[in-house]
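Below: the structure, in structure tokens.
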Amino acid sequence: MNRDIFITFEGGEGSGKTTQVKKLAEFLEKKYKMSCVLTREPGGSEGAEKIRDIALKGNVNCWDATTEALLMFAARRDHFVKVIKPALAEGKCVICDRFADSSYAYQGYGYKEKGVPLKDLDNLYKMVLGDFKPSITFVLDLPVEVGLDRAKKRDVVSNRYEQMKLDFHNNLRNAFLKIAKENPERVFVIDATQDIDQIHNEICDIVSKRIDSWS
């Protein structure tokens with residue numbers, strides 16, 4: 001198949017993205033014999049991981065939305081140039097836990113009137129990525145309280161966003177649903193309250209139909 005396949009997963013905290021990224025990679029490698037690169041944002045490359053540490057640690061008020069957006073897009077540029085673009089050039093499938101939609105949701109919609117204007121995020125996107133977009137994006141959607149409770153139970157250090165107020169997280173959820181509604185050909189909303197295998201099967205069905213249509 002002579003086509004770039006870049007699949008992204010979006011959603012609020014604790015929505016299960018990391019689990020589904022791994023399960024989808026296993027499915028694609030088995031069914032389509034694809035070589036998959038699994039990555040994440042912010043992060044994914046050496047430089048971007050350093051920026052991740054800066055952006056996600058500290059108290060909730062240590063950055064304003066504009067500073068956050070600049071950090072995220074700086075990390076994204078390094079990630080794109082060093083990891084995503086080379087992997088796609090080699091014919092590999094790239095599956096990413098978060099991508100640019102998160103910047104629109106978090107730094108744009110999340111902070112509401114204090115967020116970065118969408119036109120400014122559009123300009124940053126074009127400067128960093130040009131016309132590049134994911135092939136398919138999955139939004140794993142679930143009630144905010146459920147996601148935050150799951151996130152608290154993970155054996156990892158919490159990040160700044162998990163400490164934000166409920167209003168912020170509800171803004172995020174609504175933002176991802178808005179993004180999905182505005183991009184129906186690319187973005188698919190998945191009910192993340194379902195069993196892990198049910199979610200996986202739904203994702204695999206969508207991906208298979210899309211890949212088969214490209215063949």
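Just so we're on the same page: first chain in the structure tokens is A, next is B, and so on; residues restart at 1 for each chain, and ligands are numbered from 1 in the order they show up.
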With DSSP run on the backbone, what are the strand (DSSP E or B) residues within segment 45-188 of chain A? I'd like them as a PyMOL selection string.
chain A and resi 93-97+136-141+187-188
Distance table requested - segment 75-132 of chain A against segment 22-27 of chain A, cut-off 12 Å, only C-alpha atoms: one row per qualifying residue with the closest atom pair and its distance in Å to one decimal, ordered by chain and rising residue number, as JSON lines.
```
{"residue": "A:Lys92", "atom": "CA", "partner": "A:Ala25", "partner_atom": "CA", "distance": 11.1}
{"residue": "A:Cys93", "atom": "CA", "partner": "A:Ala25", "partner_atom": "CA", "distance": 8.6}
{"residue": "A:Val94", "atom": "CA", "partner": "A:Ala25", "partner_atom": "CA", "distance": 8.9}
{"residue": "A:Ile95", "atom": "CA", "partner": "A:Ala25", "partner_atom": "CA", "distance": 7.4}
{"residue": "A:Cys96", "atom": "CA", "partner": "A:Lys22", "partner_atom": "CA", "distance": 10.0}
{"residue": "A:Asp97", "atom": "CA", "partner": "A:Lys22", "partner_atom": "CA", "distance": 9.8}
```
Put those residues in a file: N, CA and C atoms, as a PDB file, in the first residue's frame.
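Result file is selection.pdb:
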```pdb
ATOM      1  N   LYS A  92       6.152   2.902   7.222  1.00  0.00           N
ATOM      2  CA  LYS A  92       5.614   2.399   8.484  1.00  0.00           C
ATOM      3  C   LYS A  92       4.324   3.127   8.841  1.00  0.00           C
ATOM      4  N   CYS A  93       3.495   2.434   9.613  1.00  0.00           N
ATOM      5  CA  CYS A  93       2.289   3.052  10.150  1.00  0.00           C
ATOM      6  C   CYS A  93       2.657   3.704  11.477  1.00  0.00           C
ATOM      7  N   VAL A  94       2.250   4.940  11.669  1.00  0.00           N
ATOM      8  CA  VAL A  94       2.534   5.651  12.923  1.00  0.00           C
ATOM      9  C   VAL A  94       1.234   5.839  13.694  1.00  0.00           C
ATOM     10  N   ILE A  95       1.248   5.421  14.953  1.00  0.00           N
ATOM     11  CA  ILE A  95       0.079   5.562  15.826  1.00  0.00           C
ATOM     12  C   ILE A  95       0.490   6.424  17.003  1.00  0.00           C
ATOM     13  N   CYS A  96      -0.221   7.528  17.201  1.00  0.00           N
ATOM     14  CA  CYS A  96       0.205   8.528  18.180  1.00  0.00           C
ATOM     15  C   CYS A  96      -0.857   8.770  19.250  1.00  0.00           C
ATOM     16  N   ASP A  97      -0.427   8.713  20.496  1.00  0.00           N
ATOM     17  CA  ASP A  97      -1.258   9.046  21.645  1.00  0.00           C
ATOM     18  C   ASP A  97      -1.237  10.566  21.805  1.00  0.00           C
TER      19      ASP A  97
END
```
Find the residues around Gly43 of chain A up to 12 Å (only C-alpha atoms counted), leave out those fewer than 6 positions away in its own chain, and share them as a list in words.
Glu49, Lys50, Ile51, Arg52, Asp53, Ile54, Ala55, Leu56, Leu71, Met72, Phe73, Ala74, Ala75, Arg76, Arg77, Asp78, His79, Phe80, Lys82, Val83, Ile84, Cys96, Asp97, Arg98 and Phe99 of chain A
Between A:Asp197, A:Glu13, A:Glu68, A:Asp149, single out the one closest to Ser103 of chain A, counting only C-alpha atoms.
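Distance minimum relative to Ser103 of chain A lands on A:Glu68.
The protein and nucleic acid residues lying at most 7 Å from segment 169-185 of chain A are Gly11, Gly12, Ala105, Tyr106, Tyr109, Gly110, Val139 and Val144 of chain A, with only C-alpha atoms considered and sequence neighbours fewer than 5 positions away removed.
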Give me the residues within 12 Å of Ile196 of chain A as a PyMOL selection string, counting only C-alpha atoms and dropping any in the same chain fewer than 2 places off.
chain A and resi 15-24+140+190-194+198-203
Shell around Gly14 of chain A at 6 Å using only C-alpha atoms, local window under 3 positions removed, as a list of chain:residue names:
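Skipping anything fewer than 3 positions along the chain leaves A:Gly147, A:Leu148, A:Arg150, A:Ala151.
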Output as an mmCIF file with C-alpha atoms, in the first residue's frame all residues of segment 84-161 of chain A that backbone DSSP marks as alpha helix (DSSP H).
```cif
data_model
loop_
_atom_site.group_PDB
_atom_site.id
_atom_site.type_symbol
_atom_site.label_atom_id
_atom_site.label_comp_id
_atom_site.auth_asym_id
_atom_site.auth_seq_id
_atom_site.Cartn_x
_atom_site.Cartn_y
_atom_site.Cartn_z
ATOM 1 C CA LYS A 85 7.958 11.994 8.966
ATOM 2 C CA PRO A 86 10.921 9.550 8.720
ATOM 3 C CA ALA A 87 8.769 6.605 9.821
ATOM 4 C CA LEU A 88 6.100 7.371 7.242
ATOM 5 C CA ALA A 89 8.797 7.772 4.570
ATOM 6 C CA ALA A 100 -2.560 18.605 17.320
ATOM 7 C CA ASP A 101 -6.254 18.217 18.173
ATOM 8 C CA SER A 102 -5.167 18.235 21.810
ATOM 9 C CA SER A 103 -3.653 21.683 21.385
ATOM 10 C CA LEU A 118 -8.260 29.382 17.101
ATOM 11 C CA LYS A 119 -6.878 31.439 14.214
ATOM 12 C CA ASP A 120 -3.558 31.703 16.083
ATOM 13 C CA LEU A 121 -3.520 27.939 16.629
ATOM 14 C CA ASP A 122 -4.262 27.515 12.904
ATOM 15 C CA ASN A 123 -1.228 29.672 12.093
ATOM 16 C CA LEU A 124 0.984 27.669 14.452
ATOM 17 C CA TYR A 125 -0.285 24.441 12.933
ATOM 18 C CA LYS A 126 0.469 25.591 9.391
ATOM 19 C CA MET A 127 3.949 26.787 10.346
ATOM 20 C CA VAL A 128 4.819 23.537 12.123
ATOM 21 C CA LEU A 129 2.993 20.923 10.014
ATOM 22 C CA VAL A 144 -15.093 13.581 33.044
ATOM 23 C CA GLU A 145 -15.464 12.233 36.576
ATOM 24 C CA VAL A 146 -14.924 8.667 35.350
ATOM 25 C CA GLY A 147 -11.790 9.594 33.438
ATOM 26 C CA LEU A 148 -10.242 11.546 36.294
ATOM 27 C CA ASP A 149 -10.962 8.700 38.714
ATOM 28 C CA ARG A 150 -9.216 6.274 36.349
ATOM 29 C CA ALA A 151 -6.271 8.647 35.990
ATOM 30 C CA LYS A 152 -5.847 8.860 39.763
ATOM 31 C CA LYS A 153 -5.656 5.066 40.008
#
```
Work out how far atom CA of Lys57 of chain A is from atom CA of Gly115 of chain A, in Å to one decimal.
19.5 Å
State, in Å with one decimal place, the distance from atom CA of Cys36 of chain A to atom CA of Asp141 of chain A.
24.3 Å
